[in-house]
Amino acid sequence: MIIEQSASRVAIVTGAARGIGAAVAGRLAADGHDVALFDLDAANCSDTVAMVEAHGRRAVAVACDVADEAAVARGVDEVTHQLGAPAILVNNAGIVRDRTLARMSLEDWEVVLSVNLRSVFLMSRAVQPHMRAMGYGRIVNLSSIAALGVFGEANYSAAKAGVQGITRTLAIELGPHGITVNAVAPGFIVTDMTRAIAERIKMPFDDMVATMMRDIHVGRPGVPDDISHAVAFFADERSAFVTGQVLYVAGAPRG
Ligand code: NAP
């Protein structure tokens, strides 16, 4: 059976105020979906709301710390009441707290594991009853090339490798219910996150780009739309036979 066109669905994108999350929200709206935008401060999502609405789709901004169990439950309830049951979930919210092992505090470890990994568990668990009831779902998780190991990122690389593990396991558990679970693992993408890393290590951003370009073979650094395009593929109804996969989007062979 060939599905000609994806139906319009309700999507949730976490960390949607800016960067990759904002680009994903815009792309899903362009693909015909209504989008709930989860971020710490709903007011910061106003530009993303406008972008979704410019595509003629509905948007709702939800204040939600995705590492907080109660906040996640409340947020998913709010979306269900305002837009309808979520059929697409993009677990995008993430943070870094880079330090070498000797300098890494337990708090640096815990907060990075919580926002990048516990959130995937909490959000996926909260949406799955809705997806099971529909017999349909698309979950896309943001991993990273850091899952393969990066100096100074023991916490972040552990979290992003964990994201790949939960992706494969949920693909096995949820597949029989029509729910696919996949991950996109970006390489170096120009966003506030990478700008903040350059600032923290006191390196001019252009110098950081030049350094990263040594491992990129397509002649330019990544941009958020490179990632939103990969997410949109996994989120598409026609990608029903693709599950438990990790797609590296890094301008170079990875994985
Ligand atoms: P970003 O520019 O820093 O944006 C992250 C967004 O997530 C922000 O809006 C942030 O809100 C939000 N957020 C942070 N903690 C949150 C929480 N607890 N609950 C809800 N929202 C929260 O990051 P990005 O570069 O777009 O990265 C997006 C994803 O891609 C992350 O998972 C990241 O690890 C992954 N990734 C990025 C790169 C890259 O090169 N940029 C590479 C590989 C993987 P505030 O502004 O309020 O903090």
# chains A, B, ... in the order shown; residues from 1 in each chain; ligands from 1
call {"tool": "residues_near_ligand", "arguments": {"ligand": "ligand 1", "cutoff": "6 Å", "atoms": "only C-alpha atoms and all ligand atoms", "output": "JSON, numbers by chain"}}
result
{"A": [14, 15, 16, 17, 18, 19, 20, 21, 39, 40, 41, 64, 65, 66, 67, 92, 93, 94, 95, 115, 142, 143, 144, 186, 187, 188, 189, 190, 191, 192, 193, 194]}
call {"tool": "residues_around", "arguments": {"residues": "range 150-153 of chain A", "least_positions_apart": "5", "cutoff": "9 Å", "atoms": "only C-alpha atoms", "output": "list in words"}}
result
Val96, Arg97, Asp98, Arg99, Thr100, Leu101, Met104, Ile145 and Ala158 of chain A
call {"tool": "closest_atom_pairs", "arguments": {"of": "range 134-172 of chain A", "to": "range 105-114 of chain A", "cutoff": "7 Å", "atoms": "only C-alpha atoms", "output": "JSON lines"}}
result
{"residue": "A:Asn155", "atom": "CA", "partner": "A:Trp109", "partner_atom": "CA", "distance": 5.1}
{"residue": "A:Tyr156", "atom": "CA", "partner": "A:Val112", "partner_atom": "CA", "distance": 6.1}
{"residue": "A:Ala159", "atom": "CA", "partner": "A:Leu113", "partner_atom": "CA", "distance": 5.3}
call {"tool": "residues_around", "arguments": {"residues": "range 228-242 of chain A", "least_positions_apart": "6", "cutoff": "9 Å", "atoms": "only C-alpha atoms", "output": "ChimeraX atom specification"}}
result
/A:2-7,20-28,31,88-90,136-142,178-184,249
call {"tool": "select_by_dssp", "arguments": {"residues": "range 199-245 of chain A", "states": "alpha helix (DSSP H)", "output": "PyMOL selection string"}}
result
chain A and resi 199-200+205-212+224-235
call {"tool": "residues_around", "arguments": {"residues": "Leu83 in chain A", "least_positions_apart": "3", "cutoff": "12 Å", "atoms": "only C-alpha atoms", "output": "ChimeraX atom specification"}}
result
/A:8-12,33-37,57-62,75-80,86-87
call {"tool": "closest_residue", "arguments": {"among": "A:Ala185, A:Ala42, A:Leu174, A:Val218", "to": "Met131 in chain A", "atoms": "only C-alpha atoms"}}
result
A:Leu174
call {"tool": "select_by_dssp", "arguments": {"residues": "range 3-251 of chain A", "states": "strand (DSSP E)", "output": "MDAnalysis selection string"}}
result
chainID A and resid 10:14 34:39 59:63 88:91 137:142 179:186 246:249
call {"tool": "closest_residue", "arguments": {"among": "A:His177, A:Lys202, A:Arg214, A:Arg220", "to": "Pro129 in chain A", "atoms": "only C-alpha atoms"}}
result
A:His177
